[in-house]
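Colleague: You'll find start.txt just under this line, and it carries compact mmCIF, C-alpha atoms and all ligand atoms.
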```txt
# COMPACT_ATOMS: atom_id res chain seq x y z
CA MET A 1 -18.92 25.57 5.78
CA PRO A 2 -17.09 22.96 3.65
CA ALA A 3 -13.75 23.99 2.18
CA GLU A 4 -13.36 25.27 -1.34
CA LEU A 5 -11.80 22.61 -3.58
CA ILE A 6 -8.43 23.30 -5.20
CA ASP A 7 -8.95 21.49 -8.49
CA GLY A 8 -5.61 20.13 -9.69
CA VAL A 9 -7.11 18.86 -12.94
CA ALA A 10 -8.24 22.37 -13.91
CA VAL A 11 -4.98 24.04 -12.85
CA ALA A 12 -2.92 21.40 -14.68
CA LYS A 13 -4.99 22.03 -17.81
CA GLU A 14 -4.19 25.75 -17.59
CA VAL A 15 -0.47 25.02 -17.17
CA ARG A 16 -0.50 22.63 -20.11
CA ALA A 17 -2.19 25.26 -22.29
CA GLU A 18 0.55 27.78 -21.27
CA VAL A 19 3.18 25.14 -22.12
CA ALA A 20 1.59 24.50 -25.53
CA ARG A 21 1.73 28.24 -26.29
CA ALA A 22 5.39 28.44 -25.21
CA ALA A 23 6.23 25.33 -27.29
CA ALA A 24 4.52 26.85 -30.34
CA ALA A 25 6.53 30.06 -29.90
CA LEU A 26 9.78 28.08 -29.74
CA LYS A 27 8.80 26.17 -32.87
CA THR A 28 8.66 29.43 -34.82
CA ARG A 29 12.38 29.70 -33.96
CA GLY A 30 12.99 26.16 -35.24
CA ILE A 31 13.13 24.50 -31.81
CA THR A 32 10.78 21.67 -30.87
CA PRO A 33 11.06 21.08 -27.10
CA GLY A 34 11.83 17.41 -26.55
CA LEU A 35 11.56 15.19 -23.48
CA THR A 36 13.02 11.68 -23.37
CA ALA A 37 11.83 9.37 -20.62
CA VAL A 38 13.83 6.23 -19.90
CA LEU A 39 12.13 3.24 -18.35
CA VAL A 40 14.15 0.28 -17.13
CA GLY A 41 12.17 -2.90 -16.43
CA ASP A 42 8.46 -3.56 -16.51
CA ASP A 43 7.03 -2.10 -13.31
CA PRO A 44 3.37 -1.55 -14.36
CA ALA A 45 2.90 1.75 -12.47
CA SER A 46 6.12 3.18 -13.96
CA ALA A 47 5.03 2.06 -17.44
CA VAL A 48 1.75 3.97 -16.99
CA TYR A 49 3.61 7.11 -15.82
CA VAL A 50 6.01 7.01 -18.76
CA ARG A 51 3.16 6.53 -21.26
CA SER A 52 1.26 9.50 -19.83
CA LYS A 53 4.38 11.69 -19.95
CA GLU A 54 4.95 10.77 -23.59
CA LYS A 55 1.29 11.46 -24.46
CA ALA A 56 1.22 14.77 -22.57
CA CYS A 57 4.30 15.99 -24.47
CA ILE A 58 2.76 15.19 -27.81
CA GLU A 59 -0.53 16.89 -26.85
CA ALA A 60 1.44 20.04 -25.97
CA GLY A 61 3.11 20.04 -29.40
CA MET A 62 6.42 18.81 -28.02
CA LYS A 63 8.56 15.83 -28.91
CA GLY A 64 7.90 13.06 -26.41
CA GLU A 65 9.98 9.93 -26.61
CA ALA A 66 10.16 6.91 -24.32
CA ILE A 67 13.09 4.52 -24.32
CA ARG A 68 12.17 1.18 -22.75
CA LEU A 69 15.03 -1.04 -21.59
CA PRO A 70 14.97 -4.57 -20.15
CA ALA A 71 15.17 -5.06 -16.36
CA ASP A 72 18.65 -6.59 -16.64
CA THR A 73 20.16 -3.48 -18.27
CA THR A 74 23.50 -2.78 -16.61
CA GLN A 75 24.31 0.46 -14.83
CA ALA A 76 27.12 1.04 -17.36
CA ASP A 77 24.69 0.73 -20.27
CA LEU A 78 22.23 3.10 -18.65
CA LEU A 79 25.01 5.64 -17.97
CA ALA A 80 26.09 5.35 -21.62
CA LEU A 81 22.51 6.07 -22.73
CA VAL A 82 22.37 9.14 -20.45
CA ASP A 83 25.65 10.36 -22.00
CA LYS A 84 24.14 9.94 -25.46
CA LEU A 85 21.00 11.88 -24.49
CA ASN A 86 23.12 14.60 -22.83
CA ALA A 87 24.88 15.07 -26.17
CA ASP A 88 21.71 15.03 -28.32
CA PRO A 89 20.65 18.61 -29.18
CA THR A 90 17.04 17.54 -29.91
CA VAL A 91 16.64 16.29 -26.33
CA HIS A 92 16.04 19.16 -23.90
CA GLY A 93 14.77 17.16 -20.94
CA ILE A 94 15.85 13.74 -19.66
CA LEU A 95 13.87 11.77 -17.15
CA VAL A 96 14.92 8.39 -15.84
CA GLN A 97 11.84 6.83 -14.28
CA MET A 98 12.31 5.76 -10.66
CA PRO A 99 12.43 3.31 -9.01
CA LEU A 100 15.24 1.60 -10.89
CA PRO A 101 16.04 -2.12 -10.53
CA LYS A 102 18.04 -2.86 -7.38
CA HIS A 103 21.37 -3.41 -9.17
CA ILE A 104 21.41 0.20 -10.43
CA ASP A 105 22.39 3.05 -8.09
CA PRO A 106 19.79 5.80 -8.72
CA GLN A 107 22.11 8.53 -7.44
CA ALA A 108 24.81 7.58 -9.97
CA ILE A 109 22.26 8.02 -12.75
CA ILE A 110 20.91 11.31 -11.40
CA LEU A 111 24.47 12.69 -11.12
CA ARG A 112 25.18 11.79 -14.75
CA ILE A 113 22.23 13.73 -16.23
CA ALA A 114 23.37 17.16 -17.42
CA PRO A 115 21.87 19.65 -14.93
CA GLU A 116 20.57 21.73 -17.89
CA LYS A 117 18.47 18.71 -18.98
CA ASP A 118 17.52 17.51 -15.50
CA VAL A 119 13.84 18.50 -15.74
CA ASP A 120 12.98 16.32 -12.73
CA GLY A 121 15.11 18.68 -10.65
CA PHE A 122 16.88 15.89 -8.74
CA HIS A 123 20.51 16.69 -9.66
CA PRO A 124 22.38 18.30 -6.72
CA VAL A 125 23.24 21.28 -8.94
CA ASN A 126 19.53 21.99 -9.40
CA VAL A 127 18.82 21.33 -5.73
CA GLY A 128 21.46 23.97 -4.95
CA ARG A 129 20.31 26.41 -7.62
CA VAL A 130 16.73 26.32 -6.32
CA TRP A 131 17.92 26.61 -2.71
CA ILE A 132 19.98 29.73 -3.38
CA GLY A 133 17.34 31.24 -5.66
CA GLU A 134 19.09 30.99 -9.05
CA LYS A 135 16.36 31.35 -11.66
CA ASN A 136 17.90 28.80 -14.07
CA GLY A 137 17.48 25.89 -11.62
CA PHE A 138 14.79 23.24 -12.06
CA ALA A 139 12.60 22.52 -9.04
CA PRO A 140 11.14 19.01 -8.69
CA CYS A 141 7.77 18.86 -10.39
CA THR A 142 5.50 17.84 -7.52
CA PRO A 143 6.43 20.63 -5.07
CA ALA A 144 6.60 23.11 -7.96
CA GLY A 145 3.05 22.04 -8.84
CA VAL A 146 1.91 22.67 -5.27
CA MET A 147 3.21 26.26 -5.50
CA VAL A 148 1.27 26.84 -8.73
CA MET A 149 -1.92 25.38 -7.22
CA LEU A 150 -1.66 27.72 -4.24
CA GLU A 151 -1.00 30.70 -6.50
CA LYS A 152 -3.93 29.93 -8.81
CA ALA A 153 -6.18 29.38 -5.77
CA GLY A 154 -5.27 32.87 -4.55
CA VAL A 155 -3.58 31.63 -1.36
CA ARG A 156 -1.10 34.11 0.13
CA VAL A 157 2.05 32.23 1.04
CA GLN A 158 4.18 35.19 2.14
CA GLY A 159 4.35 35.31 5.94
CA ALA A 160 2.11 32.24 6.37
CA ASN A 161 2.96 29.44 8.80
CA VAL A 162 3.52 26.51 6.49
CA VAL A 163 3.88 23.01 7.91
CA ILE A 164 5.30 20.37 5.58
CA LEU A 165 4.70 16.76 6.56
CA GLY A 166 7.54 14.67 5.13
CA ARG A 167 11.19 15.37 4.29
CA SER A 168 11.90 13.27 1.20
CA ASN A 169 14.26 14.54 -1.50
CA ILE A 170 11.49 14.55 -4.10
CA VAL A 171 8.71 16.26 -2.17
CA GLY A 172 9.34 17.46 1.41
CA LYS A 173 12.80 19.05 1.11
CA PRO A 174 12.25 20.87 -2.20
CA MET A 175 8.90 22.04 -0.81
CA VAL A 176 10.88 23.70 2.01
CA SER A 177 13.14 25.35 -0.57
CA LEU A 178 10.23 26.78 -2.57
CA MET A 179 8.30 27.90 0.51
CA VAL A 180 11.31 29.67 2.01
CA ALA A 181 11.87 31.41 -1.34
CA ALA A 182 8.21 32.47 -1.25
CA SER A 183 8.77 34.01 2.22
CA ALA A 184 6.70 31.54 4.24
CA THR A 185 7.63 30.59 7.80
CA VAL A 186 8.34 26.90 7.42
CA THR A 187 8.23 23.91 9.77
CA VAL A 188 9.05 20.39 8.56
CA CYS A 189 7.70 17.29 10.31
CA HIS A 190 8.92 13.71 9.92
CA SER A 191 8.83 10.41 11.74
CA LYS A 192 10.92 11.73 14.64
CA THR A 193 8.84 14.87 15.24
CA ARG A 194 7.63 15.15 18.83
CA ASP A 195 3.92 15.86 19.36
CA LEU A 196 3.30 16.13 15.64
CA PRO A 197 -0.46 16.94 15.95
CA SER A 198 0.23 20.12 17.91
CA VAL A 199 2.85 21.24 15.35
CA VAL A 200 0.44 20.53 12.50
CA ARG A 201 -2.31 22.50 14.26
CA GLY A 202 -0.16 25.62 13.93
CA ALA A 203 -0.32 25.53 10.13
CA ASP A 204 -2.01 28.21 8.07
CA ILE A 205 -1.02 26.07 5.08
CA LEU A 206 -0.47 22.34 5.54
CA ILE A 207 1.28 20.21 2.91
CA ALA A 208 0.94 16.49 3.62
CA ALA A 209 3.47 14.20 1.88
CA ILE A 210 4.17 11.16 4.03
CA GLY A 211 2.51 8.27 2.22
CA LYS A 212 0.21 7.26 5.11
CA PRO A 213 -3.47 6.91 4.17
CA GLU A 214 -5.70 9.53 5.83
CA PHE A 215 -3.06 10.27 8.49
CA VAL A 216 -4.11 13.91 8.96
CA THR A 217 -7.41 14.02 10.82
CA ALA A 218 -9.72 16.98 11.46
CA ASP A 219 -8.52 17.44 15.06
CA MET A 220 -4.99 18.14 13.71
CA VAL A 221 -6.11 20.99 11.45
CA LYS A 222 -6.59 24.61 12.45
CA PRO A 223 -10.03 25.88 11.36
CA GLY A 224 -9.63 27.84 8.13
CA ALA A 225 -6.28 26.30 7.18
CA VAL A 226 -5.40 25.55 3.56
CA VAL A 227 -4.63 21.85 3.09
CA ILE A 228 -2.69 20.39 0.17
CA ASP A 229 -2.62 16.60 0.04
CA VAL A 230 0.31 15.16 -1.93
CA GLY A 231 -0.20 11.55 -0.76
CA ILE A 232 -1.22 8.80 -3.14
CA ASN A 233 -2.12 5.62 -1.26
CA ARG A 234 -3.92 2.51 -2.32
CA VAL A 235 -6.36 1.12 0.26
CA ASP A 236 -8.35 -2.10 -0.04
CA ASP A 237 -12.01 -1.53 -0.82
CA ALA A 238 -14.14 -4.54 -1.70
CA SER A 239 -16.99 -2.25 -2.82
CA HIS A 240 -14.80 -0.77 -5.56
CA PRO A 241 -14.67 -2.58 -8.94
CA LYS A 242 -10.85 -2.73 -8.76
CA GLY A 243 -10.87 -3.95 -5.15
CA TYR A 244 -9.03 -0.84 -3.98
CA ARG A 245 -9.31 2.94 -4.06
CA ILE A 246 -6.81 5.79 -3.95
CA VAL A 247 -6.74 8.09 -0.94
CA GLY A 248 -4.37 10.83 0.17
CA ASP A 249 -2.54 11.47 3.42
CA VAL A 250 -5.48 13.56 4.64
CA ALA A 251 -8.83 12.28 5.90
CA PHE A 252 -10.65 14.31 3.26
CA PRO A 253 -14.33 13.86 4.32
CA THR A 254 -13.77 15.34 7.80
CA VAL A 255 -10.87 17.72 7.12
CA LYS A 256 -12.82 19.44 4.33
CA GLU A 257 -15.34 20.55 6.97
CA ILE A 258 -12.61 22.42 8.88
CA ALA A 259 -10.25 23.73 6.16
CA SER A 260 -10.89 26.84 4.07
CA LYS A 261 -9.39 25.28 0.91
CA ILE A 262 -8.33 21.71 0.25
CA SER A 263 -6.97 19.68 -2.66
CA PRO A 264 -8.59 16.27 -3.21
CA VAL A 265 -6.99 12.92 -4.05
CA PRO A 266 -7.29 11.95 -6.81
CA GLY A 267 -7.62 15.13 -8.86
CA GLY A 268 -5.35 17.33 -6.76
CA VAL A 269 -1.56 17.43 -6.86
CA GLY A 270 -1.26 14.29 -9.03
CA PRO A 271 -2.13 15.91 -12.41
CA MET A 272 0.18 18.86 -11.63
CA THR A 273 3.33 16.73 -11.65
CA ILE A 274 3.25 15.99 -15.39
CA ALA A 275 2.16 19.55 -16.22
CA MET A 276 5.21 20.91 -14.37
CA LEU A 277 7.48 18.40 -16.09
CA LEU A 278 6.34 19.78 -19.46
CA LYS A 279 6.87 23.31 -18.17
CA ASN A 280 10.43 22.50 -17.05
CA THR A 281 11.16 20.90 -20.44
CA VAL A 282 9.98 23.92 -22.41
CA ARG A 283 12.10 26.12 -20.15
CA ALA A 284 15.10 23.82 -20.68
CA ALA A 285 14.61 24.20 -24.45
CA ALA A 286 14.31 27.98 -24.17
CA GLN A 287 17.37 28.26 -21.89
CA GLY A 288 19.34 26.02 -24.25
CA ALA A 289 18.47 28.31 -27.15
CA GLN A 290 19.79 31.44 -25.46
P1 LIG A 301 8.90 8.98 1.26
O1 LIG A 301 8.47 7.66 1.76
O2 LIG A 301 10.15 9.13 0.50
O3 LIG A 301 8.96 9.99 2.50
C1 LIG A 301 7.98 9.98 3.49
C2 LIG A 301 8.27 11.05 4.52
O4 LIG A 301 7.22 11.03 5.47
C3 LIG A 301 9.58 10.82 5.29
O5 LIG A 301 10.22 12.06 5.51
C4 LIG A 301 9.11 10.22 6.61
O6 LIG A 301 9.89 10.57 7.73
C5 LIG A 301 7.75 10.86 6.77
N1 LIG A 301 6.86 10.02 7.56
C6 LIG A 301 6.49 8.74 7.30
N2 LIG A 301 5.66 8.30 8.26
C7 LIG A 301 5.49 9.32 9.12
C8 LIG A 301 4.75 9.48 10.31
N3 LIG A 301 3.99 8.49 10.80
N4 LIG A 301 4.81 10.66 10.97
C9 LIG A 301 5.57 11.66 10.47
N5 LIG A 301 6.30 11.58 9.35
C10 LIG A 301 6.25 10.41 8.69
O7 LIG A 301 7.64 9.53 0.43
P2 LIG A 301 7.55 10.60 -0.76
O8 LIG A 301 7.93 11.94 -0.30
O9 LIG A 301 8.18 10.04 -1.98
O10 LIG A 301 5.98 10.56 -1.03
C11 LIG A 301 5.05 10.96 -0.04
C12 LIG A 301 3.65 10.71 -0.56
O11 LIG A 301 3.45 11.53 -1.71
C13 LIG A 301 3.39 9.28 -1.05
O12 LIG A 301 2.05 8.96 -0.79
C14 LIG A 301 3.62 9.36 -2.54
O13 LIG A 301 2.89 8.38 -3.25
C15 LIG A 301 3.10 10.74 -2.83
N6 LIG A 301 3.68 11.34 -4.03
C16 LIG A 301 2.82 11.94 -4.89
C17 LIG A 301 3.28 12.53 -6.03
C18 LIG A 301 2.30 13.19 -6.93
O14 LIG A 301 2.54 13.33 -8.11
N7 LIG A 301 1.17 13.66 -6.43
C19 LIG A 301 4.68 12.53 -6.39
C20 LIG A 301 5.54 11.98 -5.35
C21 LIG A 301 5.03 11.39 -4.23
P3 LIG A 301 11.45 10.10 7.91
O15 LIG A 301 12.22 10.96 6.95
O16 LIG A 301 11.73 10.43 9.34
O17 LIG A 301 11.47 8.65 7.57
```
Could you render the structure from this file as structure tokens?
Ligand code: NDP

Modeller:
Amino acid sequence: MPAELIDGVAVAKEVRAEVARAAAALKTRGITPGLTAVLVGDDPASAVYVRSKEKACIEAGMKGEAIRLPADTTQADLLALVDKLNADPTVHGILVQMPLPKHIDPQAIILRIAPEKDVDGFHPVNVGRVWIGEKNGFAPCTPAGVMVMLEKAGVRVQGANVVILGRSNIVGKPMVSLMVAASATVTVCHSKTRDLPSVVRGADILIAAIGKPEFVTADMVKPGAVVIDVGINRVDDASHPKGYRIVGDVAFPTVKEIASKISPVPGGVGPMTIAMLLKNTVRAAAQGAQ
């Protein structure tokens, strides 16, 4: 029997409605939650992300602002802007869109953002807070979105064997943090993992985040497993009007025949990332008001 779909668009809509209600409640106390996104340069994909973040904020009744800077902006100027935003009481969340131009050290920028406004959850203080279970920490939006999708899909994480494919700082590692906190038994795979298919076959819940199109095939999935596909990959497709299509890290057509629940790409984890960013920003505003 084909797997049940975990619809990220629908779950993200629910989260955004919750965010809008929380933002409205804060407004009655005179606080409008505000997110400022900073974009350096003219990478087209980044420009699209920043525009959608701005739009999503406004739709949720929040203040969404984007600051666009030229590609030759110096690191010192960008740090000075971060300082200014850190000091601005109408800005509750700061997001510097990655990747940055090569002459800017992303870590220096991340370290400069006040942890209380770091709604991307990349600052080491937030990484640590989430790891040790402090409730005021901000978890990165993509793995946080995966947790909400599983919860809304009624998947029991406690005690489950969770295999995470990928160990990046923005997806794989924080996914470990959140899964451990949710009492899963966690295994992380990466490019040096020996006999990866057999490790993956042990998963009750599989989270794929490696950036390799359709890497996870049906023979690597335990029948009845829950599969969450974080991957976003462009593959050439002459039959598509754009000449390419977007696929995940999971071979969806065959894996959906084996899994019990599966998230598609597109329409899975992708829409959750912005929804969780809004959620973190509203929480930053609420925490700041305490
Ligand atoms: P990174 O490239 O930073 O990390 C990839 C990870 O996968 C690394 O840990 C790497 O291992 C591992 N890996 C790569 N190839 C293999 C392989 N053949 N076998 C086993 N492990 C492998 O990617 P990200 O974490 O940033 O992103 C992963 C995917 O998720 C991408 O497709 C990205 O586009 C997508 N993404 C989606 C988001 C969303 O909103 N839905 C948000 C962020 C990312 P090693 O560490 O050993 O090199």

Colleague: Considering all atoms listed in the file, tabulate each residue of chain A that lies at most 6 Å from ligand LIG 301 (chain A) along with its nearest interatomic pair and the corresponding distance in Å to one decimal; arrange the rows by chain and ascending residue number and present them as JSON lines.

Modeller:
```
{"residue": "A:Thr142", "atom": "CA", "partner": "A:LIG301", "partner_atom": "O14", "distance": 5.4}
{"residue": "A:Gly166", "atom": "CA", "partner": "A:LIG301", "partner_atom": "O4", "distance": 3.7}
{"residue": "A:Arg167", "atom": "CA", "partner": "A:LIG301", "partner_atom": "O5", "distance": 3.7}
{"residue": "A:Ser168", "atom": "CA", "partner": "A:LIG301", "partner_atom": "O8", "distance": 4.4}
{"residue": "A:Ile170", "atom": "CA", "partner": "A:LIG301", "partner_atom": "O8", "distance": 5.8}
{"residue": "A:Val171", "atom": "CA", "partner": "A:LIG301", "partner_atom": "O8", "distance": 4.8}
{"residue": "A:Gly172", "atom": "CA", "partner": "A:LIG301", "partner_atom": "O8", "distance": 5.9}
{"residue": "A:Cys189", "atom": "CA", "partner": "A:LIG301", "partner_atom": "N5", "distance": 6.0}
{"residue": "A:His190", "atom": "CA", "partner": "A:LIG301", "partner_atom": "N5", "distance": 3.4}
{"residue": "A:Ser191", "atom": "CA", "partner": "A:LIG301", "partner_atom": "N5", "distance": 3.7}
{"residue": "A:Lys192", "atom": "CA", "partner": "A:LIG301", "partner_atom": "O16", "distance": 5.5}
{"residue": "A:Ala209", "atom": "CA", "partner": "A:LIG301", "partner_atom": "C11", "distance": 4.1}
{"residue": "A:Ile210", "atom": "CA", "partner": "A:LIG301", "partner_atom": "O4", "distance": 3.4}
{"residue": "A:Gly211", "atom": "CA", "partner": "A:LIG301", "partner_atom": "O12", "distance": 3.1}
{"residue": "A:Val230", "atom": "CA", "partner": "A:LIG301", "partner_atom": "O11", "distance": 4.8}
{"residue": "A:Gly231", "atom": "CA", "partner": "A:LIG301", "partner_atom": "O12", "distance": 3.4}
{"residue": "A:Ile232", "atom": "CA", "partner": "A:LIG301", "partner_atom": "O12", "distance": 4.0}
{"residue": "A:Asn233", "atom": "CA", "partner": "A:LIG301", "partner_atom": "O12", "distance": 5.4}
{"residue": "A:Val269", "atom": "CA", "partner": "A:LIG301", "partner_atom": "N7", "distance": 4.7}
{"residue": "A:Gly270", "atom": "CA", "partner": "A:LIG301", "partner_atom": "N7", "distance": 3.6}
{"residue": "A:Thr273", "atom": "CA", "partner": "A:LIG301", "partner_atom": "O14", "distance": 5.0}
```

Colleague: With only C-alpha atoms as the counted atoms, please give the residues lying no more than 8 Å from region 15-17 of chain A, apart from itself and same-chain residues fewer than 6 positions off, as number ranges by chain.

Modeller: A: 60, 275-276, 278-279

Colleague: Skip Ile274 (chain A) itself and residues of its chain fewer than 4 positions away, then list as JSON, numbers by chain all residues within 12 Å of it, counting all atoms listed in the file.

Modeller: {"A": [8, 9, 11, 12, 13, 15, 16, 19, 35, 49, 50, 51, 52, 53, 54, 55, 56, 57, 60, 95, 119, 120, 140, 141, 142, 143, 144, 145, 269, 270, 278, 279, 280, 281]}

Colleague: Could you save those same residues with C-alpha atoms as a PDB file, keeping the file's coordinate frame?

Modeller:
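Saved as out-v3.pdb:
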```
ATOM      1  CA  GLY A   8      -5.610  20.130  -9.690  1.00  0.00           C
ATOM      2  CA  VAL A   9      -7.110  18.860 -12.940  1.00  0.00           C
ATOM      3  CA  VAL A  11      -4.980  24.040 -12.850  1.00  0.00           C
ATOM      4  CA  ALA A  12      -2.920  21.400 -14.680  1.00  0.00           C
ATOM      5  CA  LYS A  13      -4.990  22.030 -17.810  1.00  0.00           C
ATOM      6  CA  VAL A  15      -0.470  25.020 -17.170  1.00  0.00           C
ATOM      7  CA  ARG A  16      -0.500  22.630 -20.110  1.00  0.00           C
ATOM      8  CA  VAL A  19       3.180  25.140 -22.120  1.00  0.00           C
ATOM      9  CA  LEU A  35      11.560  15.190 -23.480  1.00  0.00           C
ATOM     10  CA  TYR A  49       3.610   7.110 -15.820  1.00  0.00           C
ATOM     11  CA  VAL A  50       6.010   7.010 -18.760  1.00  0.00           C
ATOM     12  CA  ARG A  51       3.160   6.530 -21.260  1.00  0.00           C
ATOM     13  CA  SER A  52       1.260   9.500 -19.830  1.00  0.00           C
ATOM     14  CA  LYS A  53       4.380  11.690 -19.950  1.00  0.00           C
ATOM     15  CA  GLU A  54       4.950  10.770 -23.590  1.00  0.00           C
ATOM     16  CA  LYS A  55       1.290  11.460 -24.460  1.00  0.00           C
ATOM     17  CA  ALA A  56       1.220  14.770 -22.570  1.00  0.00           C
ATOM     18  CA  CYS A  57       4.300  15.990 -24.470  1.00  0.00           C
ATOM     19  CA  ALA A  60       1.440  20.040 -25.970  1.00  0.00           C
ATOM     20  CA  LEU A  95      13.870  11.770 -17.150  1.00  0.00           C
ATOM     21  CA  VAL A 119      13.840  18.500 -15.740  1.00  0.00           C
ATOM     22  CA  ASP A 120      12.980  16.320 -12.730  1.00  0.00           C
ATOM     23  CA  PRO A 140      11.140  19.010  -8.690  1.00  0.00           C
ATOM     24  CA  CYS A 141       7.770  18.860 -10.390  1.00  0.00           C
ATOM     25  CA  THR A 142       5.500  17.840  -7.520  1.00  0.00           C
ATOM     26  CA  PRO A 143       6.430  20.630  -5.070  1.00  0.00           C
ATOM     27  CA  ALA A 144       6.600  23.110  -7.960  1.00  0.00           C
ATOM     28  CA  GLY A 145       3.050  22.040  -8.840  1.00  0.00           C
ATOM     29  CA  VAL A 269      -1.560  17.430  -6.860  1.00  0.00           C
ATOM     30  CA  GLY A 270      -1.260  14.290  -9.030  1.00  0.00           C
ATOM     31  CA  LEU A 278       6.340  19.780 -19.460  1.00  0.00           C
ATOM     32  CA  LYS A 279       6.870  23.310 -18.170  1.00  0.00           C
ATOM     33  CA  ASN A 280      10.430  22.500 -17.050  1.00  0.00           C
ATOM     34  CA  THR A 281      11.160  20.900 -20.440  1.00  0.00           C
TER      35      THR A 281
END
```

Colleague: CA of Val130 (chain A) to CA of Asp7 (chain A): how many Å, to one decimal?

Modeller: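 Separation of CA of Val130 (chain A) and CA of Asp7 (chain A): 26.2 Å.
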
Colleague: Would you mind reading off the distance between CA of Trp131 (chain A) and CA of Glu151 (chain A), one decimal, in Å?

Modeller: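 Those two atoms sit 19.7 Å apart.
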
Colleague: Using all atoms listed in the file, find the one residue out of A:Ile94, A:Ala80, A:Val235, A:Val40 that sits nearest to Arg68 (chain A).

Modeller: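 So, comparing all the options, the nearest one is A:Val40.
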
Colleague: Neighbouring residues of Met62 (chain A) were defined as those with any atom within 8 Å, considering all atoms listed in the file; residues of the same chain fewer than 6 positions away were excluded. Please report them as a list of chain:residue names.

Modeller: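 Final neighbour list, sorted by chain and number: A:Ala20, A:Ala23, A:Thr32, A:Pro33, A:Gly34, A:Leu35.
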
Colleague: Quick one: distance from CA of Arg245 (chain A) to CA of Pro266 (chain A) in Å, one decimal?

Modeller: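 Computing the Euclidean distance for CA of Arg245 (chain A) and CA of Pro266 (chain A) yields 9.6 Å.
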
Colleague: Please determine, counting all atoms listed in the file, which residue among A:Leu81, A:Ala66, A:Val180, A:Ile113 has the shortest atom-to-atom distance to Gly133 (chain A).

Modeller: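 For Gly133 (chain A), the nearest of the candidates is A:Val180.
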
Colleague: Return the single residue from A:Asn136, A:Ser177, A:Ser46, A:Gln97 that is closest to Glu116 (chain A), with distances computed using all atoms listed in the file.

Modeller: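 For Glu116 (chain A), the nearest of the given residues is A:Asn136.
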
Colleague: Excluding Pro253 (chain A) and any residue of its chain fewer than 5 positions from it, enumerate the residues within 10 Å of it, using only C-alpha atoms, and give them as a PyMOL selection string.

Modeller: chain A and resi 2+214+217-218+258+264

Colleague: Residues near region 100-111 of chain A, anyone? I mean within 6 Å using all atoms listed in the file, not counting same-chain ones fewer than 2 positions away, as number ranges by chain.

Modeller: A: 75, 98, 113, 123

Colleague: Using all atoms listed in the file, pick whichever of A:Ile205, A:Leu79, A:Pro115, A:Glu65 has the shortest atom-to-atom distance to Leu150 (chain A).

Modeller: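 Among the listed residues, A:Ile205 lies closest to Leu150 (chain A).
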